[in-house]
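Quick notes on the structure that follows.
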Amino acid sequence: MLAAIRKPLWVIMSEFWKTTALDEMTNEQWESLCDGCGQCCLVKLEDSKSAKVFYTNVVCYLLDQNACRCNDYENRCTLVPDCVKLTPDNVGDYSWMPEDCAYRRLSEGRKLAWWHPLVSGTSSTVHDSGASVRGKVVSEADVDHGELEDYIVDWVR
């Protein structure tokens with residue numbers, strides 16, 4: 001079992017996400033916004049006529065399904081060419097990002113969710129709340145890509 005991660009002192013003292021614009025955050029601050037839900041790692045399908053995006057319960061083969069973190073974060077964009085590196089400049093460009101994504105929430109002027117580790121002080125709340133993909137997904141390595149429509153889900157927040 002993974003140990004809960006507690007808020008670092010610099011987070012407690014500053015609650016930087018409330019006062020710092022996304023494009024003014026340090027790399028450490030930016031990276032700490034990831035809540036570890038894993039929803040952005042879900043394989044998505046787009047209807048070519050309507051442009052509507054559908055989420056599946058299939059995840060990138062690099063995702064650690066228990067921790068909901070990338071197994072090779074530093075090399076993910078090389079290993080998975082369609083993996084997107086979010087930046088303050090492009091976060092608003094991806095309408096397919098889950099509604100509850102911290103990057104999306106802040107870019108839209110909304111607050112972080114109560115279960116976000118920066119708010120709750122522990123990494124377990126993202127899983128306890130049901131916001132993460134833990135226990136809900138299968139790896140793309142185990143799925144026939146011709147059958148992805150069979151894996152469409154409606155629980156993505």
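By convention here, the chains of the structure tokens are called A, B, ... in the order presented, each chain's residues are numbered starting at 1, and ligands are numbered starting at 1 in the order presented.
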
Q. Running DSSP on the backbone, which parts of range 66-144 of chain A land in strand (DSSP E), as number ranges by chain?
A. A: 69-70, 138-139

Could you turn the residues from that selection into a file that holds N, CA and C atoms, as a PDB file, in the first residue's frame?
```pdb
ATOM      1  N   ARG A  69      -0.063   7.183 -11.846  1.00  0.00           N
ATOM      2  CA  ARG A  69       1.056   8.024 -12.284  1.00  0.00           C
ATOM      3  C   ARG A  69       1.773   7.325 -13.435  1.00  0.00           C
ATOM      4  N   CYS A  70       2.401   8.096 -14.283  1.00  0.00           N
ATOM      5  CA  CYS A  70       3.123   7.561 -15.434  1.00  0.00           C
ATOM      6  C   CYS A  70       4.382   6.835 -14.977  1.00  0.00           C
ATOM      7  N   VAL A 138      -8.382  -0.745 -17.804  1.00  0.00           N
ATOM      8  CA  VAL A 138      -7.525  -1.794 -18.344  1.00  0.00           C
ATOM      9  C   VAL A 138      -6.464  -1.126 -19.209  1.00  0.00           C
ATOM     10  N   SER A 139      -5.339  -1.774 -19.349  1.00  0.00           N
ATOM     11  CA  SER A 139      -4.244  -1.231 -20.155  1.00  0.00           C
ATOM     12  C   SER A 139      -4.528  -1.411 -21.631  1.00  0.00           C
TER      13      SER A 139
END
```

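Considering only C-alpha atoms, the residue among A:Val126, A:Leu79, A:Val43, A:Leu106 positioned nearest to Leu148 in chain A is A:Val43.
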
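One finds CA of Met97 in chain A at 20.4 Å from CA of Val119 in chain A.
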
Q: Between A:Gly92, A:Gly146, A:Pro98, A:Pro117, single out the one closest to Gly38 in chain A, counting only C-alpha atoms.
A: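 Of all the options, A:Pro98 lies closest to Gly38 in chain A.
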
Q.
Would you pick out the contacts of Asn71 in chain A at 6 Å or less, using only C-alpha atoms, so that residues sharing its chain but fewer than 6 positions from it are not included, and give the list as a PyMOL selection string?
A. chain A and resi 62-64

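Straight-line separation from CA of Glu46 in chain A to CA of Trp115 in chain A: 29.0 Å.
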
Q.
I want to know what sits within 10 Å of Lys85 in chain A, based on only C-alpha atoms, with residues of the same chain fewer than 6 positions away left out; could you give that as a PyMOL selection string?
A. chain A and resi 76-77+91

Q. Quick one: DSSP helix (DSSP H, G or I) residues in chain A, as a PyMOL selection string?
A. chain A and resi 9-14+16-18+22-24+27-32+39-41+73-79+91-93+102-107+117-120+125-128+140-142+145-151

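With only C-alpha atoms as the atoms that count, the minimum distance from Asn90 in chain A to the choices A:Asn66, A:Asn75, A:Ser48, A:Ser107 is reached by A:Ser107.
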
Q: Would you please work out which residue, of A:Pro88, A:Val143, A:Val137, A:Ser123, is nearest to Thr20 in chain A when using only C-alpha atoms?
A: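 Distance minimum relative to Thr20 in chain A lands on A:Pro88.
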
Q) What lies within 8 Å of Leu33 in chain A using only C-alpha atoms, ignoring chain neighbours under 5 positions off, as number ranges by chain? A) A: 102-103, 118

Keeping only C-alpha atoms, write those residues as a PDB file, in the first residue's frame.
```pdb
ATOM      1  CA  ALA A 102      -6.848  20.812 -11.760  1.00  0.00           C
ATOM      2  CA  TYR A 103      -5.116  22.446 -14.717  1.00  0.00           C
ATOM      3  CA  LEU A 118      -3.049  20.277  -2.363  1.00  0.00           C
TER       4      LEU A 118
END
```

Q | For CA of Gly130 in chain A and CA of Asp89 in chain A, the interatomic separation in Å (one decimal) | A |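 According to the coordinates, CA of Gly130 in chain A and CA of Asp89 in chain A are separated by 29.2 Å.
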